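Working notes, beginning with the structure itself.
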Amino acid sequence: MTRIDDFSRPLEYLSPLDKYLGAIVRDWAESYVIPFRRSFDEDWKEHKLIEPAFRRLMGELGFQRILFPEDLGGWGLGHSDYLGTGAFRIFEEIARADSGIAVAFGVVFWPLVMICVEPHVNRRLCEEFAPMFCQTTEPVFSANAMTEPQGGADIENFEVVKGSTIQTTARLEGDEWVINGHKLWPTNSGGVADLFGVICTTNPGSTDPGDFAFIFVPADTPGVTQGPPYQKAGMAADKNGDIWFENVRVPSWYRAHGPGDDLKYFKEVLSFGNMGSVAFVCGVMLNVYEILYDFCSEIYFRGKPLKENDDVAGFLADLASATQVIRFSGYQLARMLDRPDIYGERWSDEIVAKGRAVKYFACDRALELLGKAVKLMGAYGSDRVYDVEKHWRDLKIVQLWMGGKQLCQMEVARWYFDCETL
Amino acid sequence: MKYLDVFPVPREWLSESDIALSKTIEEWAEKEVISKRLSLREDYDTLLLPAMKTLFSDIGLQKMILSPDDERERMRFPLMAVLACEHTALADTGISAVLSNVLAFQYLALSSQDNGGRIPDEIFKLFEQEKPVICSLVLPYYGRKGQTPGKGIAGLYYQVDVKSVSGGLVVTGTGVRPQVSGSDASLYLVVAADENGDPLIVAVPAQTAGIMLGEPVKTTGLAASRNADVDFNDVEVSEDFIICRGHQAFIQLMNIYQATSAAASMGAVLACYAIHKEWGDTRVIKGKGNIFRENPLVADLMGSIASRIASARFLVYGMGKMLADFLSGEASGTSAFFLVSALVTHVFEIATQCIDNMMEHMASAGYATEWNLERYWRDIKTLESYVLPGTVSNIRAAEHSYGVKTL
Ligand SMILES: Cc1cc2nc3c(=O)[nH]c(=O)nc-3n(C[C@H](O)[C@H](O)[C@H](O)COP(=O)(O)OP(=O)(O)OC[C@H]3O[C@@H](n4cnc5c(N)ncnc54)[C@H](O)[C@@H]3O)c2cc1C
């Protein structure tokens, strides 16, 4: 019996479509992902098993179109008041099956947030890129290229480092940007991406917000080279690798908004990253709950089902209550992104800090409990058949990415305690 | 890396031969595993098996005390075993986990001899082979509906039945999950109930008729231990293959197995410390020129990691020392048992949390195979899950310290 829907969400926040979208994704997950996921680790390089799941969800069912305006073939979520909560539901459902797929899927929209979302839609760029995503049934991927070899955290730590460490440069030559640099680790790199959102500086070493540039680069532009995917502890469905930009030329209007606004709206990208991360955590927790429900009913200890032992039940209660709290706070965070009129702009320091707070709380608590779940299950916990260990491995990176826990702590402390030098 | 200087343990507990052993294993680790793992990754046939052969058979850890000369050294076996497993895990936690099973057998054989028992030649000979001998413990575990928990084994269930027939024993069990290397074992060491319901520990050579291996179990880590569920279909062995019997023997088995496994987790965490330190020495954070380790928030966590490692290492060697004292009659078995199961839980918690924290610092590098940290992270989580199902050890500790009686 699946009882995950008994974990409450604030129903008054949800879009009328929530039910239908959720059901479609759950169906897809049951047929295309869950039966195969425990072999995904061996498939990390080829994606022979993983690719059909992407194809179905993104291309055939058309989910890769959701953010683009309707008149351009999209589903118009970028104009909707349900962007946050709608995305949360979809991400959560996908992550229940595989958080790696959820990440790869979520990042398709991550750079597109810069141009497809009200109130800062860049209509010309939407028109430019919509056909790529909306006029095909093949899966199309984007990637958000921030991290560089010298470090990812500093690039996100704009308040202190102010973009001074960004080494990927954009130089305006006539009506073209010329981009040079080396990025690594973006989700959907490793040969997957069709479109990059690239964070560059127009003046290396500068701390001026106007020199921060967010520029779109189609992956087939001459001078772009993607390396092979890296092998890693989990998240096989997400490929990550190096990308080199060597005298890459794109039209000047491929810059998302221009000096000042690129940075401003990039912070909104971070807010969506935080919200998405919590949704991934939530989906994983729901599935671990389902698995443990069955496991602890079937396996016996002291002459009764595991779950009927008080000490085990104490842990199960911890897991359920954390799942409930994370789900509530995740939907609340999503709602805050849906209603800037009530909660403040998505790119404000306040919303970024609150997103970081929820994200690192959810990650820390979930990983602690997943670790305990693996231990509770004994030798079956580290056995891939039960999928709990996979969720534990996959989720670890959600805690580490976007600057890691320490950056989250610093941003949270900075906002809540008015710290000035962190 | 001079681990003994950075995270010291009481020197007076270690003999010259311990120090020599640790050097030998460190050299083996560097030469046979660490220098090759970037290219060979976790490949069993090209990296892990040859490394096991060198360590177990050529260097001789598989027969450390089966034919010992020096009585004093025999008594110090638990301390040596802990040291050997810790140092082996510097290279690979999986090899160390396999070793811990081999050493557990040796320890039981030793105490059995001390009690007038005799290990059959057929089994002795296995250890003389020029290939690694892999023992695989089959311990009590969770059960299924309809099964009855074993008597006095903390609510767990025996995985196999052993019945006496004329002149021999018949071992049966389906879908039995060994602790390590179900697929590659040379010898299973199974724990079952005797006619009175008390533990009986029997050696079953893997070549015996009636043993069937299931599909390889895919696990989070421990690539050196290729596990599989095993069916024992009326497997007949001689009564001579009973290695020990009784609760005290079972407790000894659990003690040495858990203590050496905790030592393996310690080796893993020390190896990770070296990786983390190297990374933190040069990484820059918060803008140009600011070395990672010099950041106060970072240093705060580093300090906490270091103090946890230091205390866990003390505990691991303390366990070895207590078990050695017990062997030489200087301490009581019950208190050793309490301490080992309580401390093992604690050591594993420290080890897993410290590696977690180090991975958090190293971010993508910590998660990437290339930096090798993640393999220890997966390995010790796997080992922890095998060694300590559920809440068993806490309850044991509560039995000893608070007088809990009915659980
Ligand atoms: C599966 C996966 C997917 C990823 N997806 C993307 C992606 O889509 N796009 C992208 O650009 N990158 C991506 N990354 C990279 C990821 O975001 C970075 O790893 C992360 O931002 C940290 O950067 P880093 O690894 O370079 O570590 P560093 O920047 O070197 O940071 C290391 C550590 O420093 C500490 N730290 C950070 N800031 C501070 C501070 N202010 N004070 C004290 N300590 C601090 C933290 O512990 C942090 O973990 C991905 C990585 C993985 C593994």
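All residue names refer to the structure tokens as shown: chains lettered A, B, ... in order, residues numbered from 1 in each chain, ligands numbered from 1 in order.
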
Could you name the residues that touch B:Pro120 at 7 Å or less, counting only C-alpha atoms, but leaving out those on the same chain fewer than 4 positions away, as a list of chain:residue names?
-> B:Phe124, B:Asp240, B:Phe241

field: At most 6 Å to chain B: residues in chain A, only C-alpha atoms, as a list in words
entry: Asp154, Val161, Gln231, Lys232, Ala233, Ile299, Tyr300, Phe301, Arg302, Gly303, Lys375, Leu376, Gly378, Ala379, Ser382, Asp383, Arg384 and Leu400 of chain A

Those selected residues, please, written with all heavy atoms and delivered as a tab-separated table (two decimals), in the first residue's frame.
```
chain	number	residue	atom	x	y	z
A	154	ASP	N	32.96	29.96	-4.21
A	154	ASP	CA	33.24	31.40	-4.28
A	154	ASP	C	32.44	32.11	-5.37
A	154	ASP	O	32.13	33.29	-5.25
A	154	ASP	CB	34.74	31.62	-4.53
A	154	ASP	CG	35.54	31.49	-3.24
A	154	ASP	OD1	34.91	31.27	-2.19
A	154	ASP	OD2	36.78	31.61	-3.30
A	161	VAL	N	32.84	37.61	-2.17
A	161	VAL	CA	33.90	37.48	-3.19
A	161	VAL	C	33.59	38.36	-4.40
A	161	VAL	O	34.48	38.75	-5.16
A	161	VAL	CB	34.09	35.98	-3.56
A	161	VAL	CG1	35.26	35.80	-4.51
A	161	VAL	CG2	34.32	35.15	-2.30
A	231	GLN	N	33.33	9.79	-13.12
A	231	GLN	CA	32.72	8.75	-12.29
A	231	GLN	C	32.60	9.29	-10.86
A	231	GLN	O	33.50	9.98	-10.38
A	231	GLN	CB	33.60	7.50	-12.30
A	231	GLN	CG	32.86	6.28	-11.80
A	231	GLN	CD	33.67	5.00	-11.96
A	231	GLN	OE1	34.81	5.02	-12.42
A	231	GLN	NE2	33.08	3.89	-11.58
A	232	LYS	N	31.49	8.97	-10.21
A	232	LYS	CA	31.29	9.54	-8.86
A	232	LYS	C	30.51	8.58	-7.97
A	232	LYS	O	30.09	7.51	-8.41
A	232	LYS	CB	30.62	10.91	-8.98
A	232	LYS	CG	29.35	10.95	-9.81
A	232	LYS	CD	28.99	12.40	-10.14
A	232	LYS	CE	27.57	12.52	-10.67
A	232	LYS	NZ	27.32	11.83	-11.95
A	233	ALA	N	30.29	9.01	-6.73
A	233	ALA	CA	29.72	8.09	-5.73
A	233	ALA	C	28.29	7.67	-6.04
A	233	ALA	O	27.85	6.60	-5.63
A	233	ALA	CB	29.77	8.75	-4.36
A	299	ILE	N	10.32	-8.07	7.78
A	299	ILE	CA	11.50	-8.64	8.46
A	299	ILE	C	11.23	-8.67	9.96
A	299	ILE	O	10.69	-7.73	10.52
A	299	ILE	CB	12.75	-7.78	8.13
A	299	ILE	CG1	13.02	-7.81	6.62
A	299	ILE	CG2	13.96	-8.24	8.91
A	299	ILE	CD1	13.50	-9.12	6.07
A	300	TYR	N	11.65	-9.77	10.57
A	300	TYR	CA	11.33	-9.99	11.99
A	300	TYR	C	12.55	-9.81	12.88
A	300	TYR	O	13.68	-10.15	12.52
A	300	TYR	CB	10.75	-11.40	12.16
A	300	TYR	CG	9.25	-11.44	11.95
A	300	TYR	CD1	8.70	-10.96	10.77
A	300	TYR	CD2	8.39	-11.92	12.93
A	300	TYR	CE1	7.33	-10.97	10.56
A	300	TYR	CE2	7.02	-11.94	12.74
A	300	TYR	CZ	6.49	-11.46	11.55
A	300	TYR	OH	5.14	-11.47	11.37
A	301	PHE	N	12.27	-9.34	14.08
A	301	PHE	CA	13.31	-9.13	15.10
A	301	PHE	C	12.63	-9.34	16.45
A	301	PHE	O	11.51	-8.86	16.65
A	301	PHE	CB	13.83	-7.70	14.95
A	301	PHE	CG	14.87	-7.27	15.95
A	301	PHE	CD1	15.95	-8.08	16.28
A	301	PHE	CD2	14.81	-6.01	16.55
A	301	PHE	CE1	16.91	-7.66	17.18
A	301	PHE	CE2	15.77	-5.58	17.45
A	301	PHE	CZ	16.81	-6.41	17.77
A	302	ARG	N	13.24	-10.09	17.32
A	302	ARG	CA	12.65	-10.44	18.63
A	302	ARG	C	11.26	-11.06	18.48
A	302	ARG	O	10.35	-10.76	19.24
A	302	ARG	CB	12.52	-9.21	19.52
A	302	ARG	CG	13.81	-8.48	19.83
A	302	ARG	CD	13.57	-7.48	20.95
A	302	ARG	NE	14.70	-6.61	21.12
A	302	ARG	CZ	14.69	-5.30	20.84
A	302	ARG	NH1	13.61	-4.71	20.39
A	302	ARG	NH2	15.77	-4.59	21.03
A	303	GLY	N	11.05	-11.81	17.42
A	303	GLY	CA	9.80	-12.54	17.28
A	303	GLY	C	8.64	-11.73	16.76
A	303	GLY	O	7.50	-12.19	16.76
A	375	LYS	N	21.70	1.46	8.26
A	375	LYS	CA	22.20	0.68	9.39
A	375	LYS	C	21.09	-0.20	9.99
A	375	LYS	O	21.33	-1.36	10.33
A	375	LYS	CB	22.72	1.67	10.43
A	375	LYS	CG	23.47	1.06	11.56
A	375	LYS	CD	24.23	2.14	12.28
A	375	LYS	CE	24.24	1.88	13.76
A	375	LYS	NZ	24.93	2.93	14.50
A	376	LEU	N	19.91	0.36	10.10
A	376	LEU	CA	18.80	-0.43	10.64
A	376	LEU	C	18.57	-1.69	9.79
A	376	LEU	O	18.27	-2.76	10.32
A	376	LEU	CB	17.51	0.41	10.64
A	376	LEU	CG	16.22	-0.37	10.90
A	376	LEU	CD1	16.14	-0.78	12.37
A	376	LEU	CD2	14.99	0.42	10.52
A	378	GLY	N	20.58	-3.45	8.30
A	378	GLY	CA	21.66	-4.43	8.37
A	378	GLY	C	22.23	-4.67	6.98
A	378	GLY	O	22.25	-3.77	6.14
A	379	ALA	N	22.64	-5.90	6.73
A	379	ALA	CA	23.28	-6.20	5.44
A	379	ALA	C	22.36	-5.89	4.26
A	379	ALA	O	22.82	-5.69	3.15
A	379	ALA	CB	23.70	-7.66	5.40
A	382	SER	N	22.85	-2.12	2.78
A	382	SER	CA	23.84	-1.78	1.77
A	382	SER	C	23.66	-2.62	0.51
A	382	SER	O	24.47	-2.57	-0.40
A	382	SER	CB	25.25	-1.97	2.33
A	382	SER	OG	25.38	-3.26	2.87
A	383	ASP	N	22.59	-3.39	0.48
A	383	ASP	CA	22.28	-4.23	-0.68
A	383	ASP	C	21.47	-3.38	-1.66
A	383	ASP	O	20.46	-2.79	-1.30
A	383	ASP	CB	21.44	-5.41	-0.16
A	383	ASP	CG	21.11	-6.42	-1.23
A	383	ASP	OD1	21.06	-6.05	-2.41
A	383	ASP	OD2	20.89	-7.59	-0.87
A	384	ARG	N	21.92	-3.35	-2.90
A	384	ARG	CA	21.27	-2.47	-3.87
A	384	ARG	C	19.82	-2.83	-4.15
A	384	ARG	O	19.06	-2.01	-4.66
A	384	ARG	CB	22.05	-2.49	-5.17
A	384	ARG	CG	23.35	-1.75	-5.03
A	384	ARG	CD	23.55	-0.88	-6.26
A	384	ARG	NE	24.90	-1.06	-6.73
A	384	ARG	CZ	25.22	-1.25	-7.99
A	384	ARG	NH1	24.30	-1.30	-8.92
A	384	ARG	NH2	26.48	-1.40	-8.33
A	400	LEU	N	26.04	18.83	-0.88
A	400	LEU	CA	27.36	19.41	-1.15
A	400	LEU	C	27.36	20.48	-2.23
A	400	LEU	O	28.25	21.31	-2.29
A	400	LEU	CB	28.36	18.32	-1.57
A	400	LEU	CG	28.46	17.07	-0.73
A	400	LEU	CD1	29.54	16.16	-1.27
A	400	LEU	CD2	28.78	17.43	0.70
```

*Might you pull out every residue within 6 Å of stretch 198-208 of chain B, with only C-alpha atoms counted and same-chain residues fewer than 3 positions away left off, and present them as a PyMOL selection string?*
chain B and resi 186-194+241-247

For A:Leu184, which residue out of A:Pro149, A:Gly276, A:Pro111, A:Gly86 is the nearest one, using only C-alpha atoms?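 Distance minimum relative to A:Leu184 lands on A:Pro149.
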
Nearest to A:Asp208, restricted to only C-alpha atoms and choosing among A:Ala236, A:Thr225, A:Gly260, A:Gly84, comes out as A:Gly260

Item to complete: Would you please work out which residue, of B:Glu278, B:Glu330, B:Glu294, B:Asp325, is nearest to ligand 1 when using only C-alpha atoms and all ligand atoms?
Response: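 Answer, going by the shortest atom-to-atom distance: B:Glu294.
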